[in-house]
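Printed here is model16.cif (mmCIF, C-alpha atoms and all ligand atoms):
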```cif
data_coords
loop_
_atom_site.label_atom_id
_atom_site.label_comp_id
_atom_site.auth_asym_id
_atom_site.auth_seq_id
_atom_site.Cartn_x
_atom_site.Cartn_y
_atom_site.Cartn_z
CA MET V 1 5.06 -20.01 -13.45
CA ALA V 2 6.77 -16.60 -13.72
CA ASN V 3 6.35 -14.25 -16.63
CA SER V 4 9.83 -14.41 -18.13
CA GLU V 5 9.89 -10.78 -19.31
CA THR V 6 8.91 -9.21 -16.01
CA SER V 7 9.29 -12.06 -13.47
CA MET V 8 5.69 -11.35 -12.47
CA ARG V 9 4.09 -14.27 -10.64
CA LEU V 10 0.83 -15.12 -8.90
CA ASP V 11 1.24 -14.25 -5.23
CA HIS V 12 -2.17 -14.46 -3.61
CA ILE V 13 -5.92 -14.35 -3.94
CA GLY V 14 -7.64 -11.86 -1.65
CA LEU V 15 -11.03 -12.88 -0.28
CA ALA V 16 -13.43 -10.54 1.50
CA VAL V 17 -14.89 -12.20 4.60
CA LYS V 18 -17.15 -10.98 7.39
CA SER V 19 -15.14 -12.84 10.01
CA ILE V 20 -11.64 -14.30 9.78
CA ASP V 21 -12.42 -16.48 12.79
CA GLN V 22 -15.34 -18.05 10.93
CA ALA V 23 -13.73 -18.23 7.47
CA ARG V 24 -10.48 -19.80 8.69
CA LYS V 25 -12.46 -22.85 9.85
CA PHE V 26 -13.12 -23.73 6.19
CA TYR V 27 -9.53 -23.22 5.00
CA GLU V 28 -7.79 -24.76 8.01
CA GLY V 29 -10.32 -27.22 9.41
CA GLY V 30 -11.99 -28.13 6.12
CA LEU V 31 -9.33 -27.92 3.42
CA GLY V 32 -6.50 -28.49 5.89
CA PHE V 33 -4.21 -25.58 5.01
CA GLY V 34 -1.98 -23.88 7.54
CA SER V 35 -1.91 -20.16 8.20
CA GLU V 36 0.54 -17.58 9.39
CA PRO V 37 0.59 -17.46 13.19
CA HIS V 38 -0.75 -13.91 13.48
CA ILE V 39 -3.61 -11.88 12.06
CA GLU V 40 -2.17 -8.60 10.82
CA GLU V 41 -4.02 -5.32 11.04
CA VAL V 42 -3.42 -2.94 8.13
CA ALA V 43 -4.61 0.33 9.64
CA GLY V 44 -4.37 2.34 6.40
CA GLU V 45 -6.87 0.03 4.67
CA LYS V 46 -8.96 -0.64 7.80
CA VAL V 47 -8.67 -4.40 7.46
CA ARG V 48 -7.41 -7.42 9.35
CA VAL V 49 -5.55 -9.94 7.22
CA LEU V 50 -4.84 -13.63 7.70
CA LYS V 51 -2.52 -15.35 5.23
CA VAL V 52 -3.52 -18.95 4.50
CA ILE V 53 -0.57 -20.81 3.00
CA VAL V 54 -1.37 -22.76 -0.17
CA PRO V 55 1.55 -24.87 -1.46
CA PRO V 56 3.65 -24.64 -3.52
CA GLY V 57 3.94 -20.88 -3.27
CA VAL V 58 0.65 -19.03 -3.29
CA HIS V 59 -1.47 -17.86 -0.42
CA ILE V 60 -5.02 -16.83 0.25
CA GLU V 61 -5.53 -13.54 2.03
CA LEU V 62 -8.63 -13.43 4.22
CA LEU V 63 -9.66 -9.78 4.53
CA GLU V 64 -11.99 -8.68 7.32
CA PRO V 65 -13.04 -5.03 7.69
CA THR V 66 -12.28 -3.23 10.94
CA ALA V 67 -14.53 -0.20 10.27
CA PRO V 68 -17.78 0.46 8.38
CA ASP V 69 -15.95 2.78 5.94
CA SER V 70 -13.28 0.18 5.12
CA PRO V 71 -13.07 -0.63 1.39
CA ILE V 72 -13.68 -4.27 2.36
CA ALA V 73 -16.83 -3.33 4.33
CA ARG V 74 -18.15 -1.53 1.23
CA PHE V 75 -17.26 -4.53 -0.93
CA LEU V 76 -19.13 -6.89 1.42
CA GLU V 77 -22.19 -4.63 1.37
CA LYS V 78 -22.26 -4.63 -2.41
CA HIS V 79 -21.17 -8.16 -3.29
CA GLY V 80 -21.20 -10.26 -0.13
CA GLU V 81 -18.30 -12.52 0.75
CA GLY V 82 -16.05 -13.80 -2.01
CA GLN V 83 -13.13 -13.06 -4.24
CA HIS V 84 -11.93 -9.48 -3.83
CA HIS V 85 -8.67 -9.37 -5.80
CA LEU V 86 -5.86 -11.28 -7.46
CA SER V 87 -2.32 -10.27 -6.59
CA PHE V 88 0.80 -10.61 -8.69
CA ALA V 89 4.22 -10.20 -7.11
CA VAL V 90 6.74 -8.03 -8.94
CA ASP V 91 10.36 -7.23 -8.16
CA ASP V 92 9.97 -3.54 -9.00
CA LEU V 93 6.50 -2.08 -8.53
CA ALA V 94 7.39 1.35 -9.96
CA ALA V 95 8.72 -0.22 -13.16
CA ALA V 96 5.80 -2.64 -13.49
CA THR V 97 3.27 0.17 -12.95
CA GLN V 98 5.06 2.35 -15.48
CA ARG V 99 4.98 -0.49 -18.02
CA MET V 100 1.22 -0.89 -17.46
CA LYS V 101 0.68 2.87 -17.88
CA GLU V 102 2.53 2.79 -21.19
CA LYS V 103 0.12 0.08 -22.30
CA GLY V 104 -2.85 2.26 -21.39
CA TYR V 105 -3.78 0.92 -17.95
CA THR V 106 -4.22 3.38 -15.09
CA PRO V 107 -3.50 2.29 -11.52
CA LEU V 108 -5.94 3.17 -8.73
CA TRP V 109 -3.39 5.32 -6.89
CA ASP V 110 -0.70 7.75 -8.06
CA GLN V 111 1.62 6.43 -5.38
CA PRO V 112 1.72 2.86 -4.04
CA HIS V 113 0.34 2.13 -0.56
CA VAL V 114 1.90 -0.08 2.10
CA GLY V 115 -0.18 -3.26 2.41
CA ALA V 116 -0.06 -6.45 4.45
CA GLY V 117 3.42 -7.67 5.34
CA GLY V 118 4.91 -4.26 4.55
CA CYS V 119 4.52 -4.87 0.80
CA LEU V 120 4.21 -1.92 -1.57
CA VAL V 121 0.96 -2.35 -3.50
CA ASN V 122 -1.13 -0.73 -6.20
CA PHE V 123 -4.30 -1.88 -7.95
CA PHE V 124 -5.93 -1.88 -11.36
CA HIS V 125 -9.70 -1.44 -11.38
CA PRO V 126 -11.89 -4.40 -12.44
CA ARG V 127 -13.25 -2.40 -15.39
CA GLN V 128 -9.75 -2.47 -16.92
CA ALA V 129 -9.17 -6.10 -15.96
CA HIS V 130 -12.26 -7.96 -17.13
CA GLY V 131 -14.00 -7.91 -13.79
CA VAL V 132 -11.10 -8.71 -11.48
CA LEU V 133 -9.52 -6.15 -9.16
CA THR V 134 -5.82 -6.74 -9.82
CA GLU V 135 -3.05 -5.99 -7.36
CA LEU V 136 0.66 -5.64 -8.06
CA SER V 137 2.79 -6.18 -4.97
CA GLN V 138 6.45 -5.70 -4.20
CA ALA V 139 7.84 -7.46 -1.13
CA PRO V 140 9.79 -5.33 1.35
CA LYS V 141 13.54 -5.42 0.76
ZN ZN G 1 -3.67 -8.50 -1.59
#
```

Starting from the file, give its structure as C-alpha cells.
Ligand code: ZN
Amino acid sequence: MANSETSMRLDHIGLAVKSIDQARKFYEGGLGFGSEPHIEEVAGEKVRVLKVIVPPGVHIELLEPTAPDSPIARFLEKHGEGQHHLSFAVDDLAAATQRMKEKGYTPLWDQPHVGAGGCLVNFFHPRQAHGVLTELSQAPK
C-alpha cells in the first residue's frame, strides 16, 4: 500500500461532524468499528477528535468544532457534514513538503502545526488537489 519512493501511505480520512456523540453511533453501533478510548481536544485547531479504527491500518477521524470560529465550524456552515480531508502518513514531513514544493504545490502553512495525537501536519488546498483537502502527517517520534 505504501508509495515505494517516499513510503507515503494512507493514514486516515477526516470527517466533519456536528456531534461526535451522534456520529459515533453510526461507525460503532452501525458499522461495528471500535474507537480509541478517549476523545482528544486539539486546542490549536479548536476541534475535538475521535479516532475510529478501520482495519487493517487506516482510521476515520471524526472532527467536531469546539468554537464558532473553528475551521471545522466554517466547513460545516459551508458544506454540511461529510468528508473534510484525506491524510497520508510520511516519515519525514519536512522532506515530503519540500518535495511537493519542488513539484509546484504550496502547503497551507509555512511551518507544520501539531495535530491530533501529537502528529506534525500540513495541508494542501483542495484547489491544488482536485477538490480534496490533503493532509501530510508525521507521527511523533
Ligand atoms: Zn487529519

With all atoms listed in the file as the basis for distance, which of V:Gln98, V:Ser70, V:Gln128, V:Thr134 is at the shortest distance from Gly14 in chain V?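 Closest to Gly14 in chain V of all the choices is V:Thr134.
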
When you count all atoms listed in the file, which of these residues is closest to ligand ZN 1 (chain G): V:Ser87, V:Thr106, V:Gln138, V:Gln111?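 Residue with the minimum atom-to-atom distance to ligand ZN 1 (chain G): V:Ser87.
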
Would you list the contacts of His85 in chain V as an MDAnalysis selection string, taking every protein, DNA or RNA residue within 10 Å and counting all atoms listed in the file, but skipping same-chain residues closer than 6 positions in sequence? chainID V and resid 12:16 61 123:126 131:135

Residue nearest ligand ZN 1 (chain G) - candidates V:Lys51, V:Arg127, V:Lys25, V:Lys78, atoms counted: all atoms listed in the file: V:Lys51

Which of these residues is nearest to ligand ZN 1 (chain G), using all atoms listed in the file: V:Glu41, V:Asp91, V:Glu28, V:Asp11?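 Under the stated criterion, the closest residue is V:Asp11.
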
Could you give me, as a ChimeraX atom specification, the residues that sit within 7 Å of (-12.0, -3.7, 7.7) in the file's coordinates, counting all atoms listed in the file? /V:46-48,64-67,70,72-73

Taking all atoms listed in the file into account, which of V:Ile20, V:Leu86, V:Met100, V:Ala116 comes nearest Val58 in chain V?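 Ranked by minimum distance to Val58 in chain V, first place goes to V:Leu86.
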
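Pairwise distance (CA of Val114 in chain V, CA of Gly32 in chain V) equals 29.9 Å.
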
Would you compute the distance between CA of Glu81 in chain V and CA of Cys119 in chain V? Give it in Å to one decimal.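 Between these atoms lies a distance of 24.1 Å.
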
Would you mind reading off the distance between CA of Asp21 in chain V and CA of Gly117 in chain V, one decimal, in Å?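 Atom-to-atom, CA of Asp21 in chain V to CA of Gly117 in chain V, that is 19.6 Å.
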
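Remark: for Gly104 in chain V, the closest of the candidate residues V:Ile39, V:Val52, V:Ala139, V:Ala129 is V:Ala129 (distances computed over all atoms listed in the file).
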
Could you give me, as a PyMOL selection string, the residues within 12 Å of Gly118 in chain V, counting only C-alpha atoms and dropping anything in the same chain fewer than 2 positions from it? chain V and resi 40-44+112-116+120-121+137-141
